[in-house]
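Shown next, in structure tokens, is the structure this report addresses.
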Amino acid sequence: MNDLRAVYEILSDVYRQGAYASLALSRRIDSVRNRDFVTRFVYGVLGRDTELNYYIGAMASRKPRGGAAVLLKMGMYCVLYMDSVPDYAAVNNTVELAKEVGKSSSCSFINGVLKAFCKRRPPLPKDASARLSVTASTPLWIVREYVKQYGFDKASEFLSVVPEQREHMRVDTSRISVAKMCEKLDELGVEYTLDPDLGDALFVRNSTKLKALFDGGYFTYQSRCSMMCCRAAQISDGDRVLDMCAAPGGKAVYMSSLADGVSVTACDVYHHRLQLIESYARRMRRSVDVRLMDATVANKEFVGAFDVVMCDVPCSNLGVAAKKPDVYLFKDAAAVASLAEVQYKILSNGARYVKEGGKVVYSTCTLLKEENGDIIKHFLKEHRDFVCESETQYLPDAVGTDGFFVSVLKRGGL
Ligand SMILES: C[S@@+](CC[C@H](N)C(=O)[O-])C[C@H]1O[C@@H](n2cnc3c(N)ncnc32)[C@H](O)[C@@H]1O
């Protein structure tokens with residue numbers, strides 16, 4: 001399969017079948033010639049989806065559907081962002097691709113829209129939020145929520161952050177010091193910078209040269225916010241910790257290493273995802289007790305049994321959109337409202353499982369108050385025996401922080 005066709009097939013899996021981009025990509029990546037090109041193209045189109053929809057809406061006489069919509073997005077993305085491809089080639093390649101994938105009937109439509117787009121770009125919307133939605137390629141309903149919650153300037157600032165293409169690495173300092181890890185990275189010729197706040201973390205360019213250190217469990221890829229969230233729990237020696245929504249296991253495994261004699265019970269509702277926790281823990285040479293559990297359903301066995309309960313709940317993931325642009329697809333305010341119900345149930349159950357004097361940590365990787373501060377407010381009203389020790393909304397920044405929310409709730413007052 002040629003690489004352009006692979007991009008089309010992967011994007012079709014995402015747009016038309018609702019597949020996750022990372023999974024759709026990994027299913028087909030072995031059959032392509034230039035992995036880097038295909039990956040960039042796929043993530044590039046997804047990252048500019050709102051902008052491409054705006055231009056298609058402004059240029060096309062009718063709303064394209066199915067394969068024709070995917071092809072138009074690819075062609076427009078190429079015209080806008082691939083400087084090395086002349087406009088005429090972007091148009092011709094897209095039309096040829098349309099024939100190849102059985103969309104010959106859409107060729108003249110695609111050809112007409114793309115040719116017109118090469119000659120004239122439609123003006124940006126006059127309304128400031130609508131314009132930001134296009135320039136930051138973020139759905140308008142989300143921009144409006146952000147502007148309401150954070151103000152236009154702040155929203156515009158964090159929506160304009162372009163993350164560097166580097167990974168955040170947590171070093172397992174029980175096995176290798178950060179200084180020694182830096183020596184190894186120097187020897188391997190892997191670029192790195194120290195995390196400005198976290199002593200056991202670095203930023204690196206993901207590289208195949210790191211495979212042996214990764215497989216050996218000397219480090220893992222873990223975001224800054226995920227690490228900060230675990231630290232916020234202030235785990236002490238001998239603590240019993242429950243992770244209600246644990247897969248793939250990043251926080252469960254890190255929490256198990258934050259003090260001596262910590263025991264972690266790591267649960268998830270999906271059986272296949274429990275295996276991810278098991279293999280993560282095995283690679284990092286940590287032991288966690290893995291259990292299948294629906295965190296929205298009360299479990300008598302756990303009542304009052306834990307010093308720390310982590311509720312890293314399923315959420316809209318909007319805070320990681322810069323890295324995973326497909327999080328914007330297929331979401332609306334109703335989906336957020338139904339997530340908030342699940343989140344509240346999980347937090348309420350988590351509260352039953354913590355001992356007197358213990359802590360519940362509630363976290364999400366989103367920026368919407370409906371999934372964050374509003375849940376905590378509601379919880380505190382309904383649970384008079386808890387106080388909020390801290391509540392932090394992290395915003396995406398140039399250092400490499402994602403949009404993330406962490407609140408620490410203590411049972412039995414301060
Ligand atoms: C944000 S992820 C957790 C990430 C994990 N804490 C980590 O650091 O690696 C949310 C997890 O919640 C799980 N989940 C969704 N609904 C659940 C439920 N009702 N009960 C338990 N887990 C659930 C998902 O399978 C997913 O693995």
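The chains in the structure tokens are called A, B, ... from first to last as shown; in each chain the residues are counted from 1, and the ligands are counted from 1 in the order shown.
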
Inset, instruction - Select the residues contacting ligand 1 at a distance of at most 10 Å, based on only C-alpha atoms and all ligand atoms, then format the selection as a PyMOL selection string. - result: chain A and resi 222-223+225-227+229-230+243-255+266-274+276-277+280+291-297+310-317+339+342-343+345-346+363-365

Inset, instruction - Would you list the contacts of Arg175 (chain A) as number ranges by chain, taking every protein, DNA or RNA residue within 9 Å and counting only C-alpha atoms, but skipping same-chain residues closer than 3 positions in sequence? - result: A: 171-172, 217-218

Inset, instruction - With a distance cut-off of 9 Å and only C-alpha atoms, select the neighbouring residues of region 39-52 of chain A, excluding the residue or stretch itself and same-chain residues fewer than 5 positions from it, and output the selection as a ChimeraX atom specification. - result: /A:4,7-8,10-11,21,25,29,34,57,72-74,76-78,81,133-140,321-326,328-329

Legend entry - Secondary structure check, alpha helix (DSSP H) residues of region 158-272 of chain A, as a PyMOL selection string: chain A and resi 158-159+178-188+211-215+224-232+250-256+271-272

Taking N, CA and C atoms for each residue, export the selection above as an mmCIF file, in the first residue's frame.
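In the end it all went to result16.cif:
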```cif
data_model
loop_
_atom_site.group_PDB
_atom_site.id
_atom_site.type_symbol
_atom_site.label_atom_id
_atom_site.label_comp_id
_atom_site.auth_asym_id
_atom_site.auth_seq_id
_atom_site.Cartn_x
_atom_site.Cartn_y
_atom_site.Cartn_z
ATOM 1 N N PHE A 158 -3.354 29.330 26.377
ATOM 2 C CA PHE A 158 -3.061 27.888 26.518
ATOM 3 C C PHE A 158 -3.473 27.098 25.281
ATOM 4 N N LEU A 159 -4.421 27.648 24.508
ATOM 5 C CA LEU A 159 -4.783 26.931 23.278
ATOM 6 C C LEU A 159 -3.718 27.093 22.195
ATOM 7 N N VAL A 178 19.570 9.652 38.687
ATOM 8 C CA VAL A 178 19.335 10.522 37.531
ATOM 9 C C VAL A 178 20.682 10.866 36.873
ATOM 10 N N ALA A 179 21.722 11.076 37.705
ATOM 11 C CA ALA A 179 23.046 11.411 37.151
ATOM 12 C C ALA A 179 23.549 10.267 36.264
ATOM 13 N N LYS A 180 23.374 9.034 36.750
ATOM 14 C CA LYS A 180 23.828 7.860 35.983
ATOM 15 C C LYS A 180 23.006 7.730 34.692
ATOM 16 N N MET A 181 21.701 7.989 34.796
ATOM 17 C CA MET A 181 20.837 7.926 33.608
ATOM 18 C C MET A 181 21.318 8.942 32.572
ATOM 19 N N CYS A 182 21.692 10.151 33.058
ATOM 20 C CA CYS A 182 22.169 11.176 32.113
ATOM 21 C C CYS A 182 23.449 10.708 31.418
ATOM 22 N N GLU A 183 24.325 10.035 32.181
ATOM 23 C CA GLU A 183 25.554 9.501 31.556
ATOM 24 C C GLU A 183 25.204 8.504 30.456
ATOM 25 N N LYS A 184 24.239 7.622 30.785
ATOM 26 C CA LYS A 184 23.822 6.609 29.790
ATOM 27 C C LYS A 184 23.258 7.287 28.535
ATOM 28 N N LEU A 185 22.448 8.337 28.759
ATOM 29 C CA LEU A 185 21.842 9.030 27.609
ATOM 30 C C LEU A 185 22.926 9.690 26.766
ATOM 31 N N ASP A 186 23.939 10.260 27.451
ATOM 32 C CA ASP A 186 25.065 10.854 26.722
ATOM 33 C C ASP A 186 25.765 9.796 25.871
ATOM 34 N N GLU A 187 26.013 8.641 26.510
ATOM 35 C CA GLU A 187 26.700 7.550 25.773
ATOM 36 C C GLU A 187 25.890 7.127 24.549
ATOM 37 N N LEU A 188 24.559 7.086 24.723
ATOM 38 C CA LEU A 188 23.694 6.638 23.615
ATOM 39 C C LEU A 188 23.461 7.736 22.583
ATOM 40 N N LYS A 211 15.479 1.613 24.034
ATOM 41 C CA LYS A 211 14.675 0.408 24.222
ATOM 42 C C LYS A 211 15.182 -0.473 25.376
ATOM 43 N N ALA A 212 16.479 -0.691 25.432
ATOM 44 C CA ALA A 212 16.997 -1.615 26.462
ATOM 45 C C ALA A 212 16.742 -1.055 27.863
ATOM 46 N N LEU A 213 16.940 0.257 28.035
ATOM 47 C CA LEU A 213 16.703 0.865 29.362
ATOM 48 C C LEU A 213 15.216 0.827 29.713
ATOM 49 N N PHE A 214 14.383 1.013 28.689
ATOM 50 C CA PHE A 214 12.931 0.973 28.907
ATOM 51 C C PHE A 214 12.494 -0.452 29.262
ATOM 52 N N ASP A 215 12.904 -1.411 28.423
ATOM 53 C CA ASP A 215 12.501 -2.804 28.676
ATOM 54 C C ASP A 215 13.017 -3.284 30.026
ATOM 55 N N ARG A 224 4.295 14.717 33.374
ATOM 56 C CA ARG A 224 4.592 15.505 34.585
ATOM 57 C C ARG A 224 3.379 15.503 35.503
ATOM 58 N N CYS A 225 2.208 15.698 34.921
ATOM 59 C CA CYS A 225 1.010 15.830 35.744
ATOM 60 C C CYS A 225 0.681 14.522 36.428
ATOM 61 N N SER A 226 0.871 13.429 35.729
ATOM 62 C CA SER A 226 0.606 12.129 36.340
ATOM 63 C C SER A 226 1.527 11.948 37.555
ATOM 64 N N MET A 227 2.761 12.361 37.420
ATOM 65 C CA MET A 227 3.700 12.245 38.558
ATOM 66 C C MET A 227 3.303 13.186 39.690
ATOM 67 N N MET A 228 2.947 14.424 39.336
ATOM 68 C CA MET A 228 2.588 15.407 40.378
ATOM 69 C C MET A 228 1.353 14.941 41.145
ATOM 70 N N CYS A 229 0.444 14.318 40.424
ATOM 71 C CA CYS A 229 -0.792 13.828 41.026
ATOM 72 C C CYS A 229 -0.456 12.772 42.091
ATOM 73 N N CYS A 230 0.450 11.847 41.771
ATOM 74 C CA CYS A 230 0.840 10.810 42.741
ATOM 75 C C CYS A 230 1.524 11.441 43.941
ATOM 76 N N ARG A 231 2.353 12.444 43.695
ATOM 77 C CA ARG A 231 3.050 13.088 44.816
ATOM 78 C C ARG A 231 2.080 13.845 45.717
ATOM 79 N N ALA A 232 1.011 14.382 45.091
ATOM 80 C CA ALA A 232 0.031 15.145 45.879
ATOM 81 C C ALA A 232 -0.602 14.265 46.954
ATOM 82 N N GLY A 250 0.289 3.585 35.294
ATOM 83 C CA GLY A 250 1.345 4.579 35.564
ATOM 84 C C GLY A 250 1.328 5.077 36.999
ATOM 85 N N LYS A 251 0.158 5.485 37.468
ATOM 86 C CA LYS A 251 0.104 6.056 38.826
ATOM 87 C C LYS A 251 0.226 4.959 39.872
ATOM 88 N N ALA A 252 -0.441 3.820 39.652
ATOM 89 C CA ALA A 252 -0.383 2.727 40.639
ATOM 90 C C ALA A 252 1.068 2.321 40.886
ATOM 91 N N VAL A 253 1.810 2.165 39.801
ATOM 92 C CA VAL A 253 3.193 1.708 39.933
ATOM 93 C C VAL A 253 4.055 2.784 40.597
ATOM 94 N N TYR A 254 3.868 4.031 40.206
ATOM 95 C CA TYR A 254 4.669 5.109 40.818
ATOM 96 C C TYR A 254 4.337 5.228 42.311
ATOM 97 N N MET A 255 3.041 5.165 42.642
ATOM 98 C CA MET A 255 2.661 5.305 44.055
ATOM 99 C C MET A 255 3.289 4.199 44.896
ATOM 100 N N SER A 256 3.434 3.012 44.306
ATOM 101 C CA SER A 256 4.001 1.896 45.079
ATOM 102 C C SER A 256 5.462 2.162 45.445
ATOM 103 N N HIS A 271 -11.312 -6.000 31.680
ATOM 104 C CA HIS A 271 -10.417 -7.117 31.933
ATOM 105 C C HIS A 271 -9.120 -6.997 31.134
ATOM 106 N N HIS A 272 -9.259 -6.676 29.840
ATOM 107 C CA HIS A 272 -8.049 -6.630 29.001
ATOM 108 C C HIS A 272 -7.090 -5.536 29.466
#
```

Legend entry - Nearest to Asp374 (chain A) by atom-to-atom distance, counting only C-alpha atoms, from A:Thr208, A:Ser22, A:Ser279, A:Gln149: A:Gln149

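Proximity to Tyr221 (chain A) at 8 Å, evaluated using only C-alpha atoms and with sequence-adjacent residues fewer than 6 positions away removed, yields Glu167, His168, Met169 and Arg170 of chain A.
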
Inset, instruction - Return as a ChimeraX atom specification the full set of residues in region 173-274 of chain A whose backbone-based DSSP assignment is strand (DSSP E or B). - result: /A:192-194,201-204,219-221,240-243,263-268

Output the selection as a PDB file, in the first residue's frame - N, CA and C atoms for each residue.
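Output saved as out-v5.pdb:
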```
ATOM      1  N   TYR A 192      18.559  15.202  25.980  1.00  0.00           N
ATOM      2  CA  TYR A 192      17.634  15.265  27.120  1.00  0.00           C
ATOM      3  C   TYR A 192      17.748  16.626  27.807  1.00  0.00           C
ATOM      4  N   THR A 193      16.719  16.959  28.590  1.00  0.00           N
ATOM      5  CA  THR A 193      16.813  18.105  29.512  1.00  0.00           C
ATOM      6  C   THR A 193      16.166  17.666  30.826  1.00  0.00           C
ATOM      7  N   LEU A 194      16.658  18.233  31.925  1.00  0.00           N
ATOM      8  CA  LEU A 194      16.103  17.871  33.225  1.00  0.00           C
ATOM      9  C   LEU A 194      14.740  18.528  33.388  1.00  0.00           C
ATOM     10  N   ALA A 201      12.836  13.168  36.998  1.00  0.00           N
ATOM     11  CA  ALA A 201      12.267  13.140  35.636  1.00  0.00           C
ATOM     12  C   ALA A 201      13.080  13.974  34.653  1.00  0.00           C
ATOM     13  N   LEU A 202      13.019  13.563  33.398  1.00  0.00           N
ATOM     14  CA  LEU A 202      13.733  14.234  32.303  1.00  0.00           C
ATOM     15  C   LEU A 202      12.816  14.314  31.090  1.00  0.00           C
ATOM     16  N   PHE A 203      13.141  15.234  30.199  1.00  0.00           N
ATOM     17  CA  PHE A 203      12.501  15.218  28.880  1.00  0.00           C
ATOM     18  C   PHE A 203      13.504  14.615  27.902  1.00  0.00           C
ATOM     19  N   VAL A 204      13.020  13.708  27.054  1.00  0.00           N
ATOM     20  CA  VAL A 204      13.912  13.107  26.053  1.00  0.00           C
ATOM     21  C   VAL A 204      13.216  13.077  24.704  1.00  0.00           C
ATOM     22  N   PHE A 219      13.446   3.156  33.444  1.00  0.00           N
ATOM     23  CA  PHE A 219      12.625   4.365  33.350  1.00  0.00           C
ATOM     24  C   PHE A 219      11.297   3.999  32.726  1.00  0.00           C
ATOM     25  N   THR A 220      10.363   4.937  32.823  1.00  0.00           N
ATOM     26  CA  THR A 220       9.106   4.756  32.108  1.00  0.00           C
ATOM     27  C   THR A 220       8.683   6.098  31.547  1.00  0.00           C
ATOM     28  N   TYR A 221       7.808   6.083  30.554  1.00  0.00           N
ATOM     29  CA  TYR A 221       7.276   7.348  30.057  1.00  0.00           C
ATOM     30  C   TYR A 221       6.058   7.692  30.906  1.00  0.00           C
ATOM     31  N   ARG A 240      -1.711   1.745  52.808  1.00  0.00           N
ATOM     32  CA  ARG A 240      -2.512   0.915  51.889  1.00  0.00           C
ATOM     33  C   ARG A 240      -3.161   1.868  50.893  1.00  0.00           C
ATOM     34  N   VAL A 241      -2.892   1.653  49.630  1.00  0.00           N
ATOM     35  CA  VAL A 241      -3.366   2.573  48.585  1.00  0.00           C
ATOM     36  C   VAL A 241      -4.311   1.829  47.644  1.00  0.00           C
ATOM     37  N   LEU A 242      -5.401   2.488  47.294  1.00  0.00           N
ATOM     38  CA  LEU A 242      -6.324   1.923  46.301  1.00  0.00           C
ATOM     39  C   LEU A 242      -6.349   2.840  45.086  1.00  0.00           C
ATOM     40  N   ASP A 243      -6.098   2.276  43.900  1.00  0.00           N
ATOM     41  CA  ASP A 243      -6.242   3.032  42.651  1.00  0.00           C
ATOM     42  C   ASP A 243      -7.512   2.511  41.975  1.00  0.00           C
ATOM     43  N   SER A 263       1.432  -0.822  49.969  1.00  0.00           N
ATOM     44  CA  SER A 263       0.749  -1.850  49.174  1.00  0.00           C
ATOM     45  C   SER A 263      -0.298  -1.158  48.313  1.00  0.00           C
ATOM     46  N   VAL A 264      -0.320  -1.504  47.039  1.00  0.00           N
ATOM     47  CA  VAL A 264      -1.253  -0.848  46.109  1.00  0.00           C
ATOM     48  C   VAL A 264      -2.216  -1.882  45.523  1.00  0.00           C
ATOM     49  N   THR A 265      -3.504  -1.591  45.625  1.00  0.00           N
ATOM     50  CA  THR A 265      -4.518  -2.388  44.943  1.00  0.00           C
ATOM     51  C   THR A 265      -4.957  -1.576  43.729  1.00  0.00           C
ATOM     52  N   ALA A 266      -4.772  -2.150  42.545  1.00  0.00           N
ATOM     53  CA  ALA A 266      -5.014  -1.413  41.294  1.00  0.00           C
ATOM     54  C   ALA A 266      -6.190  -2.042  40.550  1.00  0.00           C
ATOM     55  N   CYS A 267      -7.262  -1.267  40.379  1.00  0.00           N
ATOM     56  CA  CYS A 267      -8.488  -1.808  39.770  1.00  0.00           C
ATOM     57  C   CYS A 267      -8.776  -1.160  38.413  1.00  0.00           C
ATOM     58  N   ASP A 268      -9.505  -1.879  37.606  1.00  0.00           N
ATOM     59  CA  ASP A 268     -10.035  -1.292  36.369  1.00  0.00           C
ATOM     60  C   ASP A 268     -11.263  -2.101  35.975  1.00  0.00           C
TER      61      ASP A 268
END
```

Legend entry - Counting only C-alpha atoms, the residue of A:Asp239, A:Glu96, A:Asp332, A:Glu370 that sits nearest Val308 (chain A):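 For Val308 (chain A), the nearest of the candidates is A:Asp239.
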
Legend entry - Counting only C-alpha atoms, the option among A:Ala305, A:Leu409, A:Ala128, A:Val70 closest to Lys103 (chain A):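 So, comparing all the options, the nearest one is A:Val70.
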
Inset, instruction - Work out how far apart CA of Tyr20 (chain A) and CA of Thr366 (chain A) are and give it in Å to one decimal. - result: 17.9 Å
